[in-house]
Amino acid sequence: MIKKVLVASLLSVSLLFVGCGESEGESRLETQQMLDSGDYEGVITKLESIANSDSDYLALGAAYMGRAGLSISSLIGVMLENNAGVTSEFAGFTQRINVKKTKTALSDLEKSAVNYEKVLNGLCTNSTVVLTDSQKDVCLYKGLSQSMKATVVLGYMGDMSIFGDANESDARLSASVCAMQYANDGSQNSICSFNSPVEDANVTFDSNNTYNPMTITVNGYAFDYLLTTNTTPRQSVVTDGYCQTDFVSCDQNSSGCYPCPVNQVANDPELAYADLLVDSLNNGFDSILAAAGTGDNADLEAEINTFLSEIDTNNNSIITLEEILIYLDAQN
């Protein structure tokens with residue numbers, strides 16, 4: 001399925017110049033050249049504060065995907081690599097995506113999708129509208145940026161090299177699932193041992209976000225998590241490595257050292273495992289499906305629907321957190 005999505009995405013390469021006027025052509029050509037050369041930061045700096053047209057939003061959508069380390073050309077390179085030493089094509093793809101991703105990948109992918117949506121205005125999920133080819137292309141790009149969020153999140157959760165392997169399980173993925181479930185409703189899976197957070201253990205980072213640290217042990221292996229204190233339900237936030245409250249890296253066992261939140265920007269929305277997966281799997285694939293249908297893309301639609309049916313066990317076309325947790329447990 002991933003290969004079909006990427007091949008279809010190549011159809012969108014001409015989007016930036018749709019509707020260009022002569023007076024703005026030179027500026028847009030400069031923007032395209034910046035994208036082609038990989039100057040994603042330059043495109044964002046140039047357009048973020050002044051964007052007011054579809055071409056601007058399309059360029060920003062591409063630039064944020066590129067800054068995440070996951071430009072279309074990068075994704076194609078990942079797709080073409082072999083899967084030696086991994087259990088499945090998906091496992092290999094996920095591993096390589098997580099090598100390519102940057103530290104800001106999750107927030108950048110979200111910003112990419114937001115900019116594409118400014119062009120679409122809900123068209124991807126409006127069943128009463130017949131989309132043009134160009135609109136389908138933008139839906140595909142938006143869906144791709146959202147779907148890549150799910151791939152990146154899974155890489156933070158556990159070892160994707162054995163994801164789906166019937167003969168092996170990953171303690172870290174099990175602990176991550178337990179942390180998501182506990183944060184959501186307080187339930188404790190019997191395979192996990194919980195060091196539950198307490199109020200006086202709250203820690204506030206320089207981003208002004210406050211968390212409850214907690215440790216979950218699976219099969220003798222301990223894993224540390226941070227839970228939000230100001231959301232309902234609480235969330236287990238995405239972390240990477242360890243740091244002090246000023247985000248300076250530190251030794252895991254030293255005093256004042258905590259799991260390091262990926263989100264380090266004050267007032268930005270929390271980057272939480274549950275919300276990211278629910279949003280990515282629902283809205284991401286909905287956007288891709290809007291670009292599929294009859295003809296050459298009919299097999300893409302069938303592949304996505306088959307994959308979603310494995311998760312959406314209630315058959316209500318809405319993937320819930322509980323269904324995601326069950327699916328992850330089944331793959332582990």
# chains A, B, ... in the order shown; residues from 1 in each chain; ligands from 1
call {"tool": "select_by_dssp", "arguments": {"residues": "range 130-312 of chain A", "states": "strand (DSSP E)", "output": "count of residues only"}}
result
31
call {"tool": "select_by_dssp", "arguments": {"residues": "range 12-256 of chain A", "states": "helix (DSSP H, G or I)", "output": "count of residues only"}}
result
127
call {"tool": "closest_residue", "arguments": {"among": "A:Gly155, A:Gly42, A:Pro259, A:Gly69", "to": "Gln95 in chain A", "atoms": "only C-alpha atoms"}}
result
A:Gly155
call {"tool": "atom_distance", "arguments": {"atom1": "CA of Ala266 in chain A", "atom2": "CA of Thr245 in chain A"}}
result
12.8 Å
call {"tool": "residues_around", "arguments": {"residues": "Ala272 in chain A", "least_positions_apart": "6", "cutoff": "6 Å", "atoms": "only C-alpha atoms", "output": "PDB file with C-alpha atoms, in the first residue's frame"}}
result
ATOM      1  CA  GLN A 235      -2.246  11.885  27.603  1.00  0.00           C
ATOM      2  CA  SER A 236       1.037  10.022  27.388  1.00  0.00           C
ATOM      3  CA  VAL A 237       3.252  12.462  25.469  1.00  0.00           C
ATOM      4  CA  VAL A 238       5.839  11.557  22.848  1.00  0.00           C
TER       5      VAL A 238
END
call {"tool": "atom_distance", "arguments": {"atom1": "CA of Ala291 in chain A", "atom2": "CA of Asp56 in chain A"}}
result
21.5 Å
call {"tool": "residues_around", "arguments": {"residues": "Asp246 in chain A", "least_positions_apart": "6", "cutoff": "12 Å", "atoms": "only C-alpha atoms", "output": "list in words"}}
result
Val203, Thr204, Phe205, Asp206, Ser207, Asn208, Asn209, Gly256, Cys257, Tyr258, Cys260, Pro261, Gln264 and Val265 of chain A
call {"tool": "closest_residue", "arguments": {"among": "A:Thr228, A:Ser176, A:Ser169, A:Ser309", "to": "Asn332 in chain A", "atoms": "only C-alpha atoms"}}
result
A:Ser169
call {"tool": "residues_around", "arguments": {"residues": "Leu109 in chain A", "least_positions_apart": "5", "cutoff": "7 Å", "atoms": "only C-alpha atoms", "output": "mmCIF file with N, CA and C atoms, in the first residue's frame"}}
result
data_model
loop_
_atom_site.group_PDB
_atom_site.id
_atom_site.type_symbol
_atom_site.label_atom_id
_atom_site.label_comp_id
_atom_site.auth_asym_id
_atom_site.auth_seq_id
_atom_site.Cartn_x
_atom_site.Cartn_y
_atom_site.Cartn_z
ATOM 1 N N TYR A 64 7.209 22.042 4.891
ATOM 2 C CA TYR A 64 7.151 21.431 6.222
ATOM 3 C C TYR A 64 7.385 19.918 6.150
ATOM 4 N N MET A 65 6.876 19.268 5.097
ATOM 5 C CA MET A 65 7.177 17.840 4.937
ATOM 6 C C MET A 65 8.670 17.642 4.739
ATOM 7 N N ALA A 68 10.592 18.045 7.899
ATOM 8 C CA ALA A 68 10.414 16.857 8.745
ATOM 9 C C ALA A 68 11.363 15.729 8.341
ATOM 10 N N SER A 145 1.015 13.337 4.474
ATOM 11 C CA SER A 145 1.658 13.991 5.627
ATOM 12 C C SER A 145 1.059 13.480 6.932
ATOM 13 N N GLN A 146 -0.264 13.257 6.955
ATOM 14 C CA GLN A 146 -0.897 12.759 8.176
ATOM 15 C C GLN A 146 -0.528 11.301 8.444
ATOM 16 N N LYS A 149 2.749 10.811 10.045
ATOM 17 C CA LYS A 149 2.742 11.058 11.498
ATOM 18 C C LYS A 149 2.578 9.749 12.249
#
call {"tool": "residues_around", "arguments": {"residues": "Glu117 in chain A", "least_positions_apart": "6", "cutoff": "12 Å", "atoms": "only C-alpha atoms", "output": "list in words"}}
result
Asp54, Tyr57, Leu58, Leu60, Gly61, Glu110, Lys111, Leu123, Cys124, Thr125, Gln135, Val138, Cys139, Leu140, Tyr141, Lys142, Gly143, Ser145, Gln146, Asn283, Gly284 and Ser287 of chain A
call {"tool": "write_last_selection", "arguments": {"atoms": "C-alpha atoms", "output": "mmCIF file, in the first residue's frame"}}
result
data_model
loop_
_atom_site.group_PDB
_atom_site.id
_atom_site.type_symbol
_atom_site.label_atom_id
_atom_site.label_comp_id
_atom_site.auth_asym_id
_atom_site.auth_seq_id
_atom_site.Cartn_x
_atom_site.Cartn_y
_atom_site.Cartn_z
ATOM 1 C CA ASP A 54 -3.200 28.406 -2.673
ATOM 2 C CA TYR A 57 -0.037 27.102 1.153
ATOM 3 C CA LEU A 58 1.021 24.326 -1.211
ATOM 4 C CA LEU A 60 4.468 25.599 2.798
ATOM 5 C CA GLY A 61 2.892 22.146 2.913
ATOM 6 C CA GLU A 110 0.998 18.578 11.328
ATOM 7 C CA LYS A 111 1.808 22.039 9.945
ATOM 8 C CA LEU A 123 -13.168 18.939 0.344
ATOM 9 C CA CYS A 124 -11.426 15.638 1.134
ATOM 10 C CA THR A 125 -14.252 14.574 3.435
ATOM 11 C CA GLN A 135 -7.905 18.688 -5.633
ATOM 12 C CA VAL A 138 -3.755 17.921 -2.679
ATOM 13 C CA CYS A 139 -5.878 15.432 -0.713
ATOM 14 C CA LEU A 140 -3.219 12.845 -1.422
ATOM 15 C CA TYR A 141 -0.462 15.113 -0.153
ATOM 16 C CA LYS A 142 -2.426 15.975 2.974
ATOM 17 C CA GLY A 143 -3.186 12.306 3.606
ATOM 18 C CA SER A 145 1.658 13.991 5.627
ATOM 19 C CA GLN A 146 -0.897 12.759 8.176
ATOM 20 C CA ASN A 283 -8.108 11.829 8.783
ATOM 21 C CA GLY A 284 -4.977 10.703 6.967
ATOM 22 C CA SER A 287 -7.808 12.191 2.665
#
call {"tool": "atom_distance", "arguments": {"atom1": "CA of Gly164 in chain A", "atom2": "CA of Thr94 in chain A"}}
result
12.2 Å
call {"tool": "residues_around", "arguments": {"residues": "Met214 in chain A", "least_positions_apart": "4", "cutoff": "12 Å", "atoms": "only C-alpha atoms", "output": "MDAnalysis selection string"}}
result
chainID A and resid 175:176 178:180 182:183 193:199 201:203 222:228 236:237 258:259
call {"tool": "write_last_selection", "arguments": {"atoms": "C-alpha atoms", "output": "tab-separated table (two decimals), in the first residue's frame"}}
result
chain	number	residue	atom	x	y	z
A	175	ALA	CA	4.77	-0.45	27.96
A	176	SER	CA	3.83	2.36	25.56
A	178	CYS	CA	-0.04	0.47	28.76
A	179	ALA	CA	0.91	4.12	29.28
A	180	MET	CA	-1.64	5.27	26.68
A	182	TYR	CA	-3.58	4.25	31.79
A	183	ALA	CA	-3.52	7.91	30.84
A	193	SER	CA	3.84	-3.03	36.45
A	194	PHE	CA	3.05	0.62	37.19
A	195	ASN	CA	4.88	3.18	39.26
A	196	SER	CA	1.90	5.52	39.24
A	197	PRO	CA	2.52	9.27	39.16
A	198	VAL	CA	1.77	11.31	42.24
A	199	GLU	CA	0.87	14.99	42.46
A	201	ALA	CA	6.08	14.43	41.31
A	202	ASN	CA	4.92	17.02	38.78
A	203	VAL	CA	7.71	18.49	36.67
A	222	ALA	CA	11.62	-0.37	32.92
A	223	PHE	CA	10.44	2.46	30.64
A	224	ASP	CA	9.77	6.06	31.60
A	225	TYR	CA	6.84	8.19	30.41
A	226	LEU	CA	5.35	11.63	30.95
A	227	LEU	CA	1.61	12.14	31.38
A	228	THR	CA	-0.14	15.46	30.89
A	236	SER	CA	1.04	10.02	27.39
A	237	VAL	CA	3.25	12.46	25.47
A	258	TYR	CA	13.42	13.07	32.74
A	259	PRO	CA	12.09	11.61	29.50
call {"tool": "decode", "arguments": {"residues": "range 172-280 of chain A", "atoms": "C-alpha atoms", "output": "short mmCIF file (atom, residue, chain, number, x, y, z; two decimals), in the first residue's frame"}}
result
data_model
loop_
_atom_site.label_atom_id
_atom_site.label_comp_id
_atom_site.auth_asym_id
_atom_site.auth_seq_id
_atom_site.Cartn_x
_atom_site.Cartn_y
_atom_site.Cartn_z
CA ARG A 172 8.81 -1.14 25.05
CA LEU A 173 5.81 -1.24 22.71
CA SER A 174 3.83 -3.09 25.39
CA ALA A 175 4.77 -0.45 27.96
CA SER A 176 3.83 2.36 25.56
CA VAL A 177 0.41 0.82 25.00
CA CYS A 178 -0.04 0.47 28.76
CA ALA A 179 0.91 4.12 29.28
CA MET A 180 -1.64 5.27 26.68
CA GLN A 181 -4.39 3.15 28.24
CA TYR A 182 -3.58 4.25 31.79
CA ALA A 183 -3.52 7.91 30.84
CA ASN A 184 -6.85 7.57 29.03
CA ASP A 185 -8.93 5.79 31.65
CA GLY A 186 -6.73 4.76 34.58
CA SER A 187 -6.85 1.05 33.79
CA GLN A 188 -3.76 -1.08 34.36
CA ASN A 189 -2.94 -3.94 32.01
CA SER A 190 -1.75 -7.00 33.92
CA ILE A 191 1.35 -7.41 31.76
CA CYS A 192 2.65 -4.05 33.00
CA SER A 193 3.84 -3.03 36.45
CA PHE A 194 3.05 0.62 37.19
CA ASN A 195 4.88 3.18 39.26
CA SER A 196 1.90 5.52 39.24
CA PRO A 197 2.52 9.27 39.16
CA VAL A 198 1.77 11.31 42.24
CA GLU A 199 0.87 14.99 42.46
CA ASP A 200 4.10 16.08 44.12
CA ALA A 201 6.08 14.43 41.31
CA ASN A 202 4.92 17.02 38.78
CA VAL A 203 7.71 18.49 36.67
CA THR A 204 7.48 21.67 34.59
CA PHE A 205 9.73 22.13 31.57
CA ASP A 206 10.89 25.42 30.04
CA SER A 207 8.08 25.05 27.49
CA ASN A 208 5.72 25.78 30.43
CA ASN A 209 4.21 22.31 30.07
CA THR A 210 3.78 20.33 33.29
CA TYR A 211 3.82 16.52 33.39
CA ASN A 212 3.54 13.57 35.77
CA PRO A 213 6.52 11.21 35.31
CA MET A 214 5.79 7.50 35.59
CA THR A 215 7.67 4.26 35.11
CA ILE A 216 6.18 1.11 33.57
CA THR A 217 7.94 -2.24 33.82
CA VAL A 218 7.39 -5.12 31.37
CA ASN A 219 9.28 -8.41 31.67
CA GLY A 220 11.83 -6.80 33.96
CA TYR A 221 12.50 -3.86 31.64
CA ALA A 222 11.62 -0.37 32.92
CA PHE A 223 10.44 2.46 30.64
CA ASP A 224 9.77 6.06 31.60
CA TYR A 225 6.84 8.19 30.41
CA LEU A 226 5.35 11.63 30.95
CA LEU A 227 1.61 12.14 31.38
CA THR A 228 -0.14 15.46 30.89
CA THR A 229 -1.70 17.13 33.92
CA ASN A 230 -3.99 19.63 32.20
CA THR A 231 -5.87 17.58 29.60
CA THR A 232 -9.01 15.46 29.88
CA PRO A 233 -8.39 12.62 29.45
CA ARG A 234 -4.74 12.73 30.31
CA GLN A 235 -2.25 11.88 27.60
CA SER A 236 1.04 10.02 27.39
CA VAL A 237 3.25 12.46 25.47
CA VAL A 238 5.84 11.56 22.85
CA THR A 239 9.36 11.67 24.26
CA ASP A 240 12.81 11.03 22.83
CA GLY A 241 15.79 10.35 25.07
CA TYR A 242 16.33 12.13 28.39
CA CYS A 243 16.85 15.76 29.33
CA GLN A 244 16.64 18.28 32.14
CA THR A 245 13.76 20.73 32.31
CA ASP A 246 15.70 23.14 30.06
CA PHE A 247 15.90 20.35 27.42
CA VAL A 248 19.65 19.84 27.83
CA SER A 249 20.46 16.14 27.38
CA CYS A 250 21.36 14.21 30.51
CA ASP A 251 22.10 10.75 31.85
CA GLN A 252 18.93 8.75 32.45
CA ASN A 253 19.89 7.90 36.04
CA SER A 254 21.01 11.36 37.14
CA SER A 255 18.99 13.64 39.40
CA GLY A 256 16.67 16.06 37.61
CA CYS A 257 16.72 14.00 34.40
CA TYR A 258 13.42 13.07 32.74
CA PRO A 259 12.09 11.61 29.50
CA CYS A 260 12.49 14.45 27.02
CA PRO A 261 9.26 15.76 25.43
CA VAL A 262 9.47 16.03 21.65
CA ASN A 263 7.35 19.18 21.88
CA GLN A 264 9.64 21.91 23.24
CA VAL A 265 7.72 24.98 22.05
CA ALA A 266 5.68 26.96 24.57
CA ASN A 267 1.93 27.07 23.87
CA ASP A 268 2.13 24.52 21.05
CA PRO A 269 -0.41 21.66 21.29
CA GLU A 270 0.81 18.58 23.11
CA LEU A 271 2.28 15.84 20.93
CA ALA A 272 0.58 12.82 22.50
CA TYR A 273 0.63 9.23 21.30
CA ALA A 274 -3.13 8.67 21.44
CA ASP A 275 -4.26 11.88 19.73
CA LEU A 276 -1.65 11.60 17.00
CA LEU A 277 -2.56 8.02 16.13
CA VAL A 278 -6.34 8.57 16.20
CA ASP A 279 -6.04 11.70 14.05
CA SER A 280 -3.56 10.18 11.61
#
